[in-house]
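**Student:** What follows is query.cif; its format and atoms are mmCIF, C-alpha atoms.
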data_input
loop_
_atom_site.label_atom_id
_atom_site.label_comp_id
_atom_site.auth_asym_id
_atom_site.auth_seq_id
_atom_site.Cartn_x
_atom_site.Cartn_y
_atom_site.Cartn_z
CA MET D 15 10.39 137.67 -30.11
CA PRO D 16 13.31 139.67 -28.67
CA LEU D 17 16.55 137.80 -28.10
CA GLN D 18 16.62 138.31 -24.33
CA VAL D 19 13.15 136.71 -23.97
CA LYS D 20 14.23 133.72 -26.04
CA ARG D 21 17.26 133.24 -23.81
CA LEU D 22 15.15 133.53 -20.69
CA LEU D 23 12.68 130.93 -22.00
CA LEU D 24 15.54 128.58 -22.79
CA ALA D 25 16.93 129.01 -19.28
CA PHE D 26 13.48 128.23 -17.83
CA ALA D 27 13.11 125.14 -20.00
CA VAL D 28 16.50 123.79 -18.86
CA PHE D 29 15.65 124.48 -15.22
CA ILE D 30 12.26 122.73 -15.48
CA ALA D 31 13.85 119.73 -17.21
CA ILE D 32 16.43 119.39 -14.44
CA MET D 33 13.65 119.57 -11.82
CA LEU D 34 11.62 116.87 -13.57
CA VAL D 35 14.63 114.54 -13.76
CA LEU D 36 15.43 115.14 -10.06
CA LYS D 37 11.79 114.56 -9.12
CA TYR D 38 11.74 111.29 -11.05
CA PHE D 39 14.79 109.93 -9.25
CA LEU D 40 14.23 111.36 -5.76
CA THR D 41 10.53 110.61 -5.16
CA PRO D 42 10.14 107.37 -3.16
CA ASP D 43 8.03 104.48 -4.52
CA SER D 44 4.88 104.80 -2.53
CA TRP D 45 4.76 108.59 -2.32
CA ARG D 46 1.18 109.93 -2.60
CA GLU D 47 -0.34 106.47 -2.22
CA TYR D 48 -2.62 107.99 0.45
CA GLY D 49 -1.30 111.52 0.81
CA ALA D 50 1.87 113.57 0.72
CA TYR D 51 3.94 110.90 2.46
CA ARG D 52 5.37 107.43 1.84
CA GLY D 53 2.48 104.95 1.90
CA LYS D 54 4.92 102.19 2.86
CA ALA D 55 5.59 103.98 6.15
CA LEU D 56 2.22 102.70 7.38
CA THR D 57 3.20 99.05 6.91
CA GLU D 58 6.62 99.74 8.42
CA ILE D 59 5.06 101.18 11.56
CA SER D 60 2.42 98.46 11.86
CA GLY D 61 5.04 95.74 11.36
CA LYS D 62 6.65 96.34 14.74
CA GLU D 63 6.41 93.54 17.30
CA ALA D 64 3.84 93.83 20.08
CA LYS D 65 5.39 93.25 23.51
CA TYR D 66 2.29 93.01 25.68
CA VAL D 67 0.29 89.89 24.81
CA GLU D 68 -2.82 90.59 26.96
CA MET D 69 -4.67 88.44 29.47
CA GLU D 70 -6.25 85.90 27.07
CA THR D 71 -2.80 84.63 26.05
CA CYS D 72 -1.71 84.28 29.70
CA ALA D 73 -4.89 82.35 30.53
CA GLU D 74 -4.12 79.71 27.91
CA CYS D 75 -1.56 78.18 30.31
CA HIS D 76 -2.20 79.90 33.65
CA ASP D 77 -5.93 79.16 33.70
CA THR D 78 -6.15 78.57 37.48
CA ILE D 79 -4.73 81.98 38.36
CA ALA D 80 -6.75 83.65 35.60
CA GLY D 81 -9.90 82.02 37.01
CA LEU D 82 -9.01 83.08 40.55
CA LYS D 83 -8.44 86.63 39.36
CA THR D 84 -11.89 86.94 37.80
CA GLN D 85 -13.44 86.52 41.26
CA GLY D 86 -11.38 89.21 42.98
CA LEU D 87 -11.23 92.97 42.83
CA HIS D 88 -8.14 92.82 40.65
CA VAL D 89 -10.24 91.46 37.78
CA SER D 90 -9.61 94.54 35.65
CA VAL D 91 -5.87 94.52 36.31
CA GLN D 92 -4.02 92.94 33.40
CA CYS D 93 -1.43 90.28 34.31
CA GLU D 94 1.32 92.20 32.54
CA ILE D 95 0.88 95.39 34.58
CA CYS D 96 2.64 93.64 37.48
CA HIS D 97 4.57 90.87 35.70
CA GLY D 98 5.90 92.87 32.75
CA PRO D 99 5.55 92.28 29.01
CA GLY D 100 5.06 88.60 28.17
CA TYR D 101 5.96 88.27 24.49
CA LYS D 102 9.22 86.40 25.11
CA HIS D 103 7.70 84.27 27.86
CA ALA D 104 4.73 83.32 25.66
CA ASP D 105 7.10 82.19 22.88
CA ASP D 106 9.55 80.32 25.07
CA PRO D 107 8.35 79.98 28.69
CA ASP D 108 11.28 77.83 29.87
CA ASN D 109 14.02 80.35 29.15
CA ASN D 110 12.21 83.62 29.84
CA ASP D 111 10.93 84.16 33.36
CA LEU D 112 8.67 87.06 34.17
CA GLU D 113 9.20 89.28 37.18
CA ILE D 114 7.24 88.65 40.38
CA PRO D 115 7.21 91.91 42.34
CA ARG D 116 6.84 91.35 46.08
CA GLU D 117 7.84 94.73 47.51
CA ARG D 118 5.47 96.88 49.49
CA GLN D 119 6.47 99.87 47.37
CA PHE D 120 5.13 98.16 44.26
CA CYS D 121 1.60 97.81 45.67
CA LEU D 122 1.75 101.40 46.92
CA ARG D 123 2.08 102.72 43.37
CA CYS D 124 -1.65 102.30 43.08
CA HIS D 125 -2.76 102.02 46.69
CA THR D 126 -0.96 104.86 48.43
CA LYS D 127 -3.20 107.46 49.97
CA ASN D 128 -3.62 110.47 47.72
CA MET D 129 -6.47 112.95 47.69
CA ALA D 130 -6.29 113.10 43.89
CA SER D 131 -7.21 109.42 43.57
CA PRO D 132 -10.97 108.83 43.58
CA GLN D 133 -11.84 107.14 46.89
CA ASP D 134 -14.63 104.97 45.50
CA ILE D 135 -12.55 103.46 42.70
CA ILE D 136 -9.36 102.42 44.49
CA LYS D 137 -8.79 101.19 48.04
CA GLN D 138 -6.14 103.43 49.53
CA ILE D 139 -4.02 102.88 52.62
CA ASP D 140 -1.90 105.18 54.71
CA ALA D 141 1.57 103.77 54.13
CA VAL D 142 2.79 104.88 57.56
CA GLU D 143 -0.08 103.67 59.74
CA HIS D 144 -0.96 100.44 57.93
CA ASN D 145 1.45 97.68 59.17
CA GLU D 146 4.59 99.57 58.31
CA GLY D 147 7.51 97.43 57.14
CA GLU D 148 5.38 94.36 56.34
CA GLU D 149 5.08 93.03 52.80
CA CYS D 150 1.50 93.41 51.58
CA ILE D 151 1.44 89.89 50.15
CA THR D 152 1.91 88.28 53.59
CA CYS D 153 -1.79 89.06 54.25
CA HIS D 154 -3.28 89.87 50.83
CA ASN D 155 -3.30 87.53 47.85
CA PRO D 156 -2.57 89.83 44.92
CA HIS D 157 -4.54 87.63 42.53
CA GLN D 158 -7.66 87.75 44.71
CA PRO D 159 -7.22 90.58 47.19
CA TRP D 160 -10.50 90.90 49.05
CA LEU D 161 -12.36 87.62 48.88
CA MET A 5 -4.05 146.05 -18.55
CA ALA A 6 -3.58 149.78 -18.37
CA ILE A 7 -6.45 152.11 -17.57
CA ASN A 8 -6.80 155.29 -19.59
CA LYS A 9 -7.24 157.73 -16.72
CA GLU A 10 -8.28 160.67 -18.85
CA ASN A 11 -11.53 159.10 -20.12
CA TYR A 12 -12.25 157.07 -16.99
CA THR A 13 -15.74 158.04 -15.78
CA ARG A 14 -17.54 157.31 -12.52
CA ARG A 15 -19.82 154.97 -14.50
CA ASP A 16 -16.76 152.96 -15.64
CA PHE A 17 -15.46 152.79 -12.09
CA ILE A 18 -18.77 151.46 -10.68
CA LYS A 19 -19.13 149.01 -13.58
CA ASN A 20 -15.63 147.59 -13.08
CA SER A 21 -16.02 147.43 -9.29
CA GLY A 22 -19.31 145.57 -9.71
CA MET A 23 -17.70 143.12 -12.10
CA ILE A 24 -14.85 142.34 -9.71
CA ALA A 25 -17.20 141.94 -6.73
CA GLY A 26 -19.54 139.72 -8.78
CA GLY A 27 -16.61 137.64 -9.97
CA VAL A 28 -15.40 137.04 -6.40
CA VAL A 29 -18.91 136.00 -5.30
CA LEU A 30 -19.25 133.66 -8.29
CA VAL A 31 -15.87 131.99 -7.67
CA SER A 32 -16.66 131.57 -3.95
CA LEU A 33 -19.98 129.94 -4.89
CA LEU A 34 -18.25 127.52 -7.24
CA ASN A 35 -15.51 126.71 -4.71
CA PRO A 36 -16.88 127.36 -1.21
CA PHE A 37 -14.62 127.86 1.81
CA LYS A 38 -13.62 124.53 3.34
CA LEU A 39 -12.05 123.68 6.68
CA VAL A 40 -8.37 122.93 6.31
CA PHE A 41 -7.60 119.32 7.13
CA ALA A 42 -4.06 117.95 7.00
CA THR A 43 -5.61 114.83 5.55
CA LYS A 44 -8.99 114.29 3.96
CA LYS A 45 -11.55 113.52 6.61
CA PRO A 46 -13.22 110.27 5.59
CA VAL A 47 -17.00 110.48 5.56
CA GLY A 48 -18.57 107.32 6.90
CA ILE A 49 -15.89 105.06 5.49
CA GLY A 50 -13.05 103.33 7.32
CA LYS A 51 -12.02 104.08 10.87
CA TRP A 52 -11.45 107.50 12.35
CA TYR A 53 -9.69 106.94 15.64
CA GLY A 54 -10.10 109.07 18.71
CA VAL A 55 -9.29 108.73 22.39
CA GLY A 56 -11.32 109.31 25.54
CA ILE A 57 -9.96 109.85 29.05
CA ASP A 58 -12.15 109.80 32.14
CA ILE A 59 -10.42 112.01 34.71
CA GLU A 60 -12.84 110.83 37.41
CA LYS A 61 -11.50 107.30 37.06
CA CYS A 62 -7.76 108.03 36.94
CA ILE A 63 -5.98 106.89 40.13
CA GLY A 64 -2.56 108.18 39.08
CA CYS A 65 -0.76 104.83 39.15
CA GLY A 66 1.24 105.63 36.02
CA SER A 67 0.75 102.13 34.57
CA CYS A 68 -0.07 103.68 31.20
CA ALA A 69 3.15 105.67 31.01
CA ARG A 70 5.17 102.64 32.15
CA ALA A 71 3.54 100.27 29.66
CA CYS A 72 4.02 102.79 26.84
CA LYS A 73 7.73 103.18 27.56
CA ILE A 74 8.25 99.41 27.46
CA GLU A 75 6.04 98.71 24.45
CA ASN A 76 7.46 101.48 22.30
CA GLU A 77 11.06 101.43 23.57
CA VAL A 78 10.90 105.05 24.66
CA PRO A 79 14.25 106.12 26.21
CA ASN A 80 14.17 105.58 29.95
CA GLU A 81 15.76 108.82 31.11
CA PRO A 82 13.33 111.58 32.09
CA PHE A 83 11.56 113.97 29.72
CA PHE A 84 10.96 111.48 26.91
CA PHE A 85 7.33 110.44 26.95
CA ARG A 86 4.66 109.38 24.55
CA ASN A 87 2.16 109.59 27.36
CA TRP A 88 2.44 110.81 30.93
CA VAL A 89 0.29 111.73 33.93
CA GLU A 90 0.10 115.14 35.62
CA GLN A 91 -1.19 115.82 39.11
CA TYR A 92 -3.05 119.11 39.44
CA THR A 93 -3.42 120.61 42.90
CA ILE A 94 -5.51 123.73 43.37
CA MET A 95 -4.96 125.20 46.81
CA ASN A 96 -7.35 127.16 48.95
CA ASP A 97 -5.49 130.40 48.15
CA GLY A 98 -6.07 129.83 44.42
CA GLN A 99 -2.52 128.75 43.62
CA ILE A 100 -2.29 125.95 41.06
CA LYS A 101 0.47 123.35 41.28
CA VAL A 102 1.16 120.88 38.49
CA SER A 103 3.56 118.05 39.14
CA SER A 104 4.61 115.11 37.04
CA PRO A 105 7.69 113.49 38.63
CA ASN A 106 9.21 111.28 35.92
CA GLY A 107 5.89 111.40 34.07
CA GLY A 108 4.17 109.68 37.00
CA ILE A 109 5.93 106.38 36.30
CA ASP A 110 7.08 105.95 39.90
CA GLY A 111 3.79 107.10 41.40
CA PHE A 112 2.87 110.42 42.99
CA LYS A 113 3.33 112.09 46.35
CA GLN A 114 1.14 114.95 47.49
CA PRO A 115 3.46 117.60 48.99
CA VAL A 116 0.56 119.89 50.00
CA PRO A 117 -1.19 119.03 53.30
CA ASP A 118 -4.79 117.89 52.82
CA GLU A 119 -6.33 120.85 54.66
CA ASN A 120 -4.78 123.34 52.18
CA ILE A 121 -6.18 121.59 49.14
CA TYR A 122 -9.27 122.94 47.43
CA LYS A 123 -9.26 120.42 44.63
CA THR A 124 -6.83 117.88 43.25
CA PHE A 125 -6.93 115.38 40.39
CA PHE A 126 -4.82 113.53 37.85
CA VAL A 127 -4.73 114.36 34.15
CA PRO A 128 -3.22 111.74 31.84
CA LYS A 129 -1.84 113.32 28.70
CA MET A 130 -0.89 111.94 25.32
CA CYS A 131 -1.04 112.80 21.62
CA ASN A 132 -4.40 114.32 20.72
CA HIS A 133 -4.28 112.87 17.18
CA CYS A 134 -5.72 116.14 15.89
CA ALA A 135 -7.75 116.17 12.69
CA LYS A 136 -6.19 119.49 11.71
CA SER A 137 -2.87 118.77 13.36
CA PRO A 138 -0.38 121.64 13.54
CA CYS A 139 2.54 119.21 13.75
CA THR A 140 1.98 117.42 10.45
CA GLN A 141 1.39 120.66 8.57
CA VAL A 142 4.82 122.10 9.37
CA CYS A 143 6.91 119.08 8.36
CA PRO A 144 9.20 120.26 5.54
CA VAL A 145 9.87 116.79 4.11
CA GLY A 146 6.54 114.99 4.49
CA ALA A 147 7.77 112.66 7.24
CA SER A 148 4.98 113.65 9.63
CA PHE A 149 1.60 112.75 8.31
CA GLU A 150 -1.91 111.72 9.22
CA SER A 151 -2.82 108.18 8.36
CA PRO A 152 -6.17 107.46 6.64
CA GLU A 153 -7.40 106.38 10.10
CA GLY A 154 -6.76 109.87 11.49
CA LEU A 155 -3.59 109.04 13.44
CA ALA A 156 -0.68 111.48 13.40
CA LEU A 157 2.34 109.32 12.59
CA VAL A 158 6.04 109.81 11.83
CA ASP A 159 7.93 108.14 8.99
CA GLN A 160 11.19 107.76 10.89
CA SER A 161 13.24 106.68 7.87
CA TYR A 162 12.28 109.94 6.16
CA CYS A 163 12.47 112.35 9.11
CA ILE A 164 15.47 114.70 9.08
CA GLY A 165 15.20 115.53 12.79
CA CYS A 166 14.76 119.27 12.34
CA GLY A 167 12.42 119.42 15.34
CA TYR A 168 10.00 121.87 13.76
CA CYS A 169 7.02 119.65 14.63
CA VAL A 170 8.22 119.35 18.23
CA GLN A 171 7.76 123.10 18.53
CA ALA A 172 4.54 123.14 16.54
CA CYS A 173 2.67 120.68 18.77
CA PRO A 174 0.73 122.79 21.29
CA TYR A 175 0.36 119.81 23.62
CA GLY A 176 4.07 118.92 23.90
CA CYS A 177 3.54 115.39 22.64
CA ARG A 178 6.64 114.95 20.49
CA TYR A 179 10.32 114.52 21.28
CA ILE A 180 13.55 113.89 19.42
CA ASP A 181 14.72 110.34 20.10
CA PRO A 182 18.26 110.80 21.48
CA GLN A 183 19.49 107.53 19.98
CA LYS A 184 17.92 107.70 16.53
CA GLY A 185 18.04 111.50 16.13
CA VAL A 186 14.56 111.55 14.65
CA VAL A 187 11.19 112.55 16.00
CA ASP A 188 9.12 110.04 17.92
CA LYS A 189 5.55 110.27 19.19
CA CYS A 190 2.46 108.31 20.17
CA THR A 191 1.14 106.14 17.33
CA LEU A 192 -1.86 104.95 19.37
CA CYS A 193 0.15 101.69 19.16
CA TYR A 194 -0.64 101.41 15.46
CA HIS A 195 1.30 98.12 15.36
CA ARG A 196 -0.99 96.68 18.07
CA LEU A 197 -4.22 98.00 16.54
CA GLU A 198 -3.35 96.28 13.25
CA LYS A 199 -2.86 92.99 15.13
CA GLY A 200 -6.21 93.32 16.92
CA LEU A 201 -4.68 94.23 20.29
CA ASN A 202 -5.46 97.27 22.43
CA PRO A 203 -2.90 100.10 22.64
CA ALA A 204 -0.46 99.46 25.50
CA CYS A 205 -1.72 102.34 27.67
CA MET A 206 -5.36 101.31 27.25
CA MET A 207 -4.49 97.72 28.13
CA ALA A 208 -2.52 98.75 31.20
CA CYS A 209 -5.13 101.07 32.72
CA PRO A 210 -6.60 99.17 35.70
CA THR A 211 -9.71 101.33 36.05
CA GLY A 212 -10.74 101.76 32.41
CA ALA A 213 -10.08 105.49 32.53
CA ARG A 214 -8.67 105.39 29.01
CA ILE A 215 -10.66 104.29 26.01
CA TYR A 216 -10.21 104.59 22.28
CA GLY A 217 -12.50 103.90 19.38
CA ASP A 218 -13.81 104.70 15.94
CA LEU A 219 -15.59 108.06 15.80
CA ASN A 220 -17.31 107.09 12.53
CA ASP A 221 -19.06 104.19 14.27
CA LYS A 222 -21.72 105.76 16.47
CA GLU A 223 -21.97 102.56 18.55
CA SER A 224 -18.25 102.35 19.35
CA ALA A 225 -17.06 102.68 22.96
CA LEU A 226 -15.65 106.14 22.30
CA SER A 227 -18.73 107.50 20.50
CA LEU A 228 -20.89 106.38 23.42
CA PHE A 229 -18.40 107.85 25.92
CA VAL A 230 -18.53 111.23 24.19
CA LYS A 231 -22.32 111.02 23.96
CA GLU A 232 -22.93 110.14 27.59
CA ASN A 233 -20.39 112.46 29.22
CA ASN A 234 -19.73 116.16 29.10
CA CYS A 235 -16.46 115.99 27.23
CA ALA A 236 -13.98 118.72 26.41
CA VAL A 237 -10.73 118.88 24.48
CA LEU A 238 -7.54 120.70 25.46
CA LYS A 239 -6.92 124.16 23.95
CA PRO A 240 -10.06 124.27 21.80
CA GLN A 241 -9.26 127.88 20.86
CA LEU A 242 -6.36 126.65 18.72
CA ASN A 243 -8.79 124.83 16.39
CA THR A 244 -6.56 121.78 16.12
CA GLY A 245 -9.49 119.38 15.74
CA SER A 246 -8.24 117.42 18.75
CA LYS A 247 -9.68 113.92 19.04
CA LEU A 248 -8.68 113.38 22.69
CA PHE A 249 -11.85 113.86 24.71
CA TYR A 250 -11.65 114.40 28.48
CA ASN A 251 -14.54 113.77 30.80
CA ALA A 252 -14.73 116.05 33.86
CA LEU A 253 -11.96 118.35 32.61
CA SER A 254 -11.38 121.30 34.93
CA GLN A 255 -10.81 124.70 33.42
CA GLU A 256 -7.42 124.96 35.14
CA VAL A 257 -5.98 122.25 32.88
CA HIS A 258 -4.10 123.48 29.86
#
Rewrite the structure from the file as structure tokens, please.
**Tutor:**
Amino acid sequence: MPLQVKRLLLAFAVFIAIMLVLKYFLTPDSWREYGAYRGKALTEISGKEAKYVEMETCAECHDTIAGLKTQGLHVSVQCEICHGPGYKHADDPDNNDLEIPRERQFCLRCHTKNMASPQDIIKQIDAVEHNEGEECITCHNPHQPWL
Amino acid sequence: MAINKENYTRRDFIKNSGMIAGGVVLVSLLNPFKLVFATKKPVGIGKWYGVGIDIEKCIGCGSCARACKIENEVPNEPFFFRNWVEQYTIMNDGQIKVSSPNGGIDGFKQPVPDENIYKTFFVPKMCNHCAKSPCTQVCPVGASFESPEGLALVDQSYCIGCGYCVQACPYGCRYIDPQKGVVDKCTLCYHRLEKGLNPACMMACPTGARIYGDLNDKESALSLFVKENNCAVLKPQLNTGSKLFYNALSQEVH
């Protein structure tokens, strides 16, 4: 074997050895557990806290309002859409109050007249013609709007 | 392998050509062409999540975008969204207007008078959780990946914030978190799914326009939704294997 080939092979061997050592120290624990990524990332992502607790948790204490809501048209509207995320309130109700939106503008987020909204799915009102300046909740009970 | 050109006959040429062609055919038989998936598509095992959106039911309230921002601590200033709603307005003269003021979080106003409108509708948008996702394939460090459930996720402790995936996503569903300096995107609320809760946007939708489910289970809500409706995905020509199925999708939407 010529000398220059021997030297080249030696250089390759050293290079490969360095790469193997680097790979050993730099590859994270759970790499390739499922694929070319850290398998532990899945548990890290799923370990985050959920902020919205969903209607069943609210109904454990607020059963009267939850019952009232099942009879009205807002049955499919989750409590936390209007009142905000309830994870703190569910843990410690005395120190964490939820918001109670009363403004007209809040109701109009869904109920303002817009041709793009399907007419048969949502009741829409013309914000200018329909009792302008009044709060919606003076006439409508938001937990049981049309009964 | 050198060829002796002086004694190379036509017979030799045809023989060698035949051998090469036969070899290629043989190898392709042994290892047939497969579709490229960023992750292995599970066959009949485990969950394979997809999303369905019924455009006919969307009222454009923006509850989904609002709930998503709160649940996932998405920065509040504009242009950072994991999901958002667009209002499409096609006018009588053929002009198409797309508006999404603050992602639809504060509701929509229709600037075009009703008599000029040919057609108008809302299109909620979010990560398509593609099966052959362009975004996970370009990640240089392996921080973007597809989970075994078919969700495109980001390992934020590994991401270097190069932004390559932000450009690669044809649906514009990724952004660089200005505080953390790493990429953030929809996880289909993976942390909620694992706890048995619905994703925040699905929970918040008052009309049931958004559904999700397991595409491997043919009785799941999503499988039935895709079966019963004429569903389409966005940009099918890009062959991303999108798993976000829209019912009643107009051809103007892109």
**Student:** Using all atoms listed in the file, pick whichever of D:Ala80, D:Ile59, D:Cys150, D:Leu40 has the shortest atom-to-atom distance to chain A.
**Tutor:**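 Smallest distance to chain A is found for D:Ile59.
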**Student:** Within 9 Å of chain A, which residues of chain D are there when counting all atoms listed in the file? Please give them as a short mmCIF file (atom, residue, chain, number, x, y, z; two decimals) with C-alpha atoms, keeping the file's coordinate frame.
**Tutor:**
data_model
loop_
_atom_site.label_atom_id
_atom_site.label_comp_id
_atom_site.auth_asym_id
_atom_site.auth_seq_id
_atom_site.Cartn_x
_atom_site.Cartn_y
_atom_site.Cartn_z
CA TYR D 48 -2.62 107.99 0.45
CA GLY D 49 -1.30 111.52 0.81
CA ALA D 50 1.87 113.57 0.72
CA TYR D 51 3.94 110.90 2.46
CA ARG D 52 5.37 107.43 1.84
CA GLY D 53 2.48 104.95 1.90
CA ALA D 55 5.59 103.98 6.15
CA LEU D 56 2.22 102.70 7.38
CA THR D 57 3.20 99.05 6.91
CA GLU D 58 6.62 99.74 8.42
CA ILE D 59 5.06 101.18 11.56
CA SER D 60 2.42 98.46 11.86
CA GLY D 61 5.04 95.74 11.36
CA LYS D 62 6.65 96.34 14.74
CA GLU D 63 6.41 93.54 17.30
CA ALA D 64 3.84 93.83 20.08
CA LYS D 65 5.39 93.25 23.51
CA TYR D 66 2.29 93.01 25.68
CA VAL D 67 0.29 89.89 24.81
CA GLU D 68 -2.82 90.59 26.96
CA HIS D 88 -8.14 92.82 40.65
CA VAL D 89 -10.24 91.46 37.78
CA SER D 90 -9.61 94.54 35.65
CA VAL D 91 -5.87 94.52 36.31
CA GLN D 92 -4.02 92.94 33.40
CA GLU D 94 1.32 92.20 32.54
CA ILE D 95 0.88 95.39 34.58
CA GLY D 98 5.90 92.87 32.75
CA PRO D 99 5.55 92.28 29.01
CA LEU D 122 1.75 101.40 46.92
CA ARG D 123 2.08 102.72 43.37
CA CYS D 124 -1.65 102.30 43.08
CA HIS D 125 -2.76 102.02 46.69
CA THR D 126 -0.96 104.86 48.43
CA LYS D 127 -3.20 107.46 49.97
CA ASN D 128 -3.62 110.47 47.72
CA MET D 129 -6.47 112.95 47.69
CA ALA D 130 -6.29 113.10 43.89
CA SER D 131 -7.21 109.42 43.57
CA PRO D 132 -10.97 108.83 43.58
CA GLN D 133 -11.84 107.14 46.89
CA ILE D 135 -12.55 103.46 42.70
CA ILE D 136 -9.36 102.42 44.49
#
**Student:** Grab the atom CA of D:Asp106 to atom CA of D:His76 distance for me, in Å with one decimal place.
**Tutor:**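 Between atom CA of D:Asp106 and atom CA of D:His76 the gap is 14.6 Å.
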**Student:** In terms of the shortest atom-to-atom distance over all atoms listed in the file, which of A:Val29, A:Cys166, A:Met130, A:Val78 is closest to A:Asp181?
**Tutor:**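 So, comparing all the options, the nearest one is A:Val78.
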**Student:** Convert the output of the PyMOL selection byres ((chain A and resi 229) around 10) on the shown file into explicit residues, formatted as a count of residues only.
**Tutor:** 22
**Student:** Could you work out how far atom CA of D:Glu149 lies from atom CA of D:Arg118, giving the answer in Å with one decimal?
**Tutor:**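 These two atoms are separated by 5.1 Å.
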**Student:** Could you tell me which of A:Lys38, A:Lys136, A:Arg178, A:His258 comes closest to A:Asn243 if we count only C-alpha atoms?
**Tutor:**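 Closest to A:Asn243, using only C-alpha atoms: A:Lys136.
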**Student:** Calculated over only C-alpha atoms, which of the candidates D:Leu112, D:Cys96, D:Leu23, D:Met33 has the smallest distance to D:His157?
**Tutor:** D:Cys96
**Student:** So what do you get for atom CA of A:Ser137 versus atom CA of A:Leu34, distance-wise?
**Tutor:**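 Going from atom CA of A:Ser137 over to atom CA of A:Leu34, I get 27.2 Å.
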**Student:** N, CA and C atoms are what I want for stretch 46-63 of chain D; can you complete it accordingly and write them as a PDB file, in the frame of the given file?
**Tutor:**
ATOM      1  N   ARG D  46       2.541 109.556  -2.183  1.00  0.00           N
ATOM      2  CA  ARG D  46       1.180 109.930  -2.600  1.00  0.00           C
ATOM      3  C   ARG D  46       0.257 108.735  -2.796  1.00  0.00           C
ATOM      4  N   GLU D  47       0.589 107.601  -2.164  1.00  0.00           N
ATOM      5  CA  GLU D  47      -0.340 106.470  -2.220  1.00  0.00           C
ATOM      6  C   GLU D  47      -1.624 106.848  -1.473  1.00  0.00           C
ATOM      7  N   TYR D  48      -1.457 107.505  -0.317  1.00  0.00           N
ATOM      8  CA  TYR D  48      -2.620 107.990   0.450  1.00  0.00           C
ATOM      9  C   TYR D  48      -2.602 109.502   0.580  1.00  0.00           C
ATOM     10  N   GLY D  49      -1.434 110.092   0.614  1.00  0.00           N
ATOM     11  CA  GLY D  49      -1.300 111.520   0.810  1.00  0.00           C
ATOM     12  C   GLY D  49       0.133 111.915   0.553  1.00  0.00           C
ATOM     13  N   ALA D  50       0.509 113.101   0.980  1.00  0.00           N
ATOM     14  CA  ALA D  50       1.870 113.570   0.720  1.00  0.00           C
ATOM     15  C   ALA D  50       2.857 112.936   1.687  1.00  0.00           C
ATOM     16  N   TYR D  51       2.968 111.632   1.655  1.00  0.00           N
ATOM     17  CA  TYR D  51       3.940 110.900   2.460  1.00  0.00           C
ATOM     18  C   TYR D  51       4.128 109.521   1.845  1.00  0.00           C
ATOM     19  N   ARG D  52       5.142 108.773   2.356  1.00  0.00           N
ATOM     20  CA  ARG D  52       5.370 107.430   1.840  1.00  0.00           C
ATOM     21  C   ARG D  52       4.290 106.485   2.347  1.00  0.00           C
ATOM     22  N   GLY D  53       3.521 105.885   1.474  1.00  0.00           N
ATOM     23  CA  GLY D  53       2.480 104.950   1.900  1.00  0.00           C
ATOM     24  C   GLY D  53       3.056 103.742   2.604  1.00  0.00           C
ATOM     25  N   LYS D  54       4.296 103.363   2.242  1.00  0.00           N
ATOM     26  CA  LYS D  54       4.920 102.190   2.860  1.00  0.00           C
ATOM     27  C   LYS D  54       5.233 102.413   4.333  1.00  0.00           C
ATOM     28  N   ALA D  55       5.298 103.700   4.747  1.00  0.00           N
ATOM     29  CA  ALA D  55       5.590 103.980   6.150  1.00  0.00           C
ATOM     30  C   ALA D  55       4.542 103.353   7.054  1.00  0.00           C
ATOM     31  N   LEU D  56       3.297 103.280   6.577  1.00  0.00           N
ATOM     32  CA  LEU D  56       2.220 102.700   7.380  1.00  0.00           C
ATOM     33  C   LEU D  56       2.513 101.234   7.685  1.00  0.00           C
ATOM     34  N   THR D  57       2.917 100.465   6.666  1.00  0.00           N
ATOM     35  CA  THR D  57       3.200  99.050   6.910  1.00  0.00           C
ATOM     36  C   THR D  57       4.467  98.886   7.749  1.00  0.00           C
ATOM     37  N   GLU D  58       5.411  99.827   7.594  1.00  0.00           N
ATOM     38  CA  GLU D  58       6.620  99.740   8.420  1.00  0.00           C
ATOM     39  C   GLU D  58       6.286  99.946   9.893  1.00  0.00           C
ATOM     40  N   ILE D  59       5.414 100.911  10.160  1.00  0.00           N
ATOM     41  CA  ILE D  59       5.060 101.180  11.560  1.00  0.00           C
ATOM     42  C   ILE D  59       4.230 100.028  12.127  1.00  0.00           C
ATOM     43  N   SER D  60       3.290  99.521  11.320  1.00  0.00           N
ATOM     44  CA  SER D  60       2.420  98.460  11.860  1.00  0.00           C
ATOM     45  C   SER D  60       3.144  97.129  11.939  1.00  0.00           C
ATOM     46  N   GLY D  61       4.319  97.008  11.311  1.00  0.00           N
ATOM     47  CA  GLY D  61       5.040  95.740  11.360  1.00  0.00           C
ATOM     48  C   GLY D  61       5.833  95.509  12.624  1.00  0.00           C
ATOM     49  N   LYS D  62       5.881  96.518  13.506  1.00  0.00           N
ATOM     50  CA  LYS D  62       6.650  96.340  14.740  1.00  0.00           C
ATOM     51  C   LYS D  62       6.040  95.267  15.626  1.00  0.00           C
ATOM     52  N   GLU D  63       6.893  94.635  16.450  1.00  0.00           N
ATOM     53  CA  GLU D  63       6.410  93.540  17.300  1.00  0.00           C
ATOM     54  C   GLU D  63       5.682  94.092  18.520  1.00  0.00           C
TER      55      GLU D  63
END
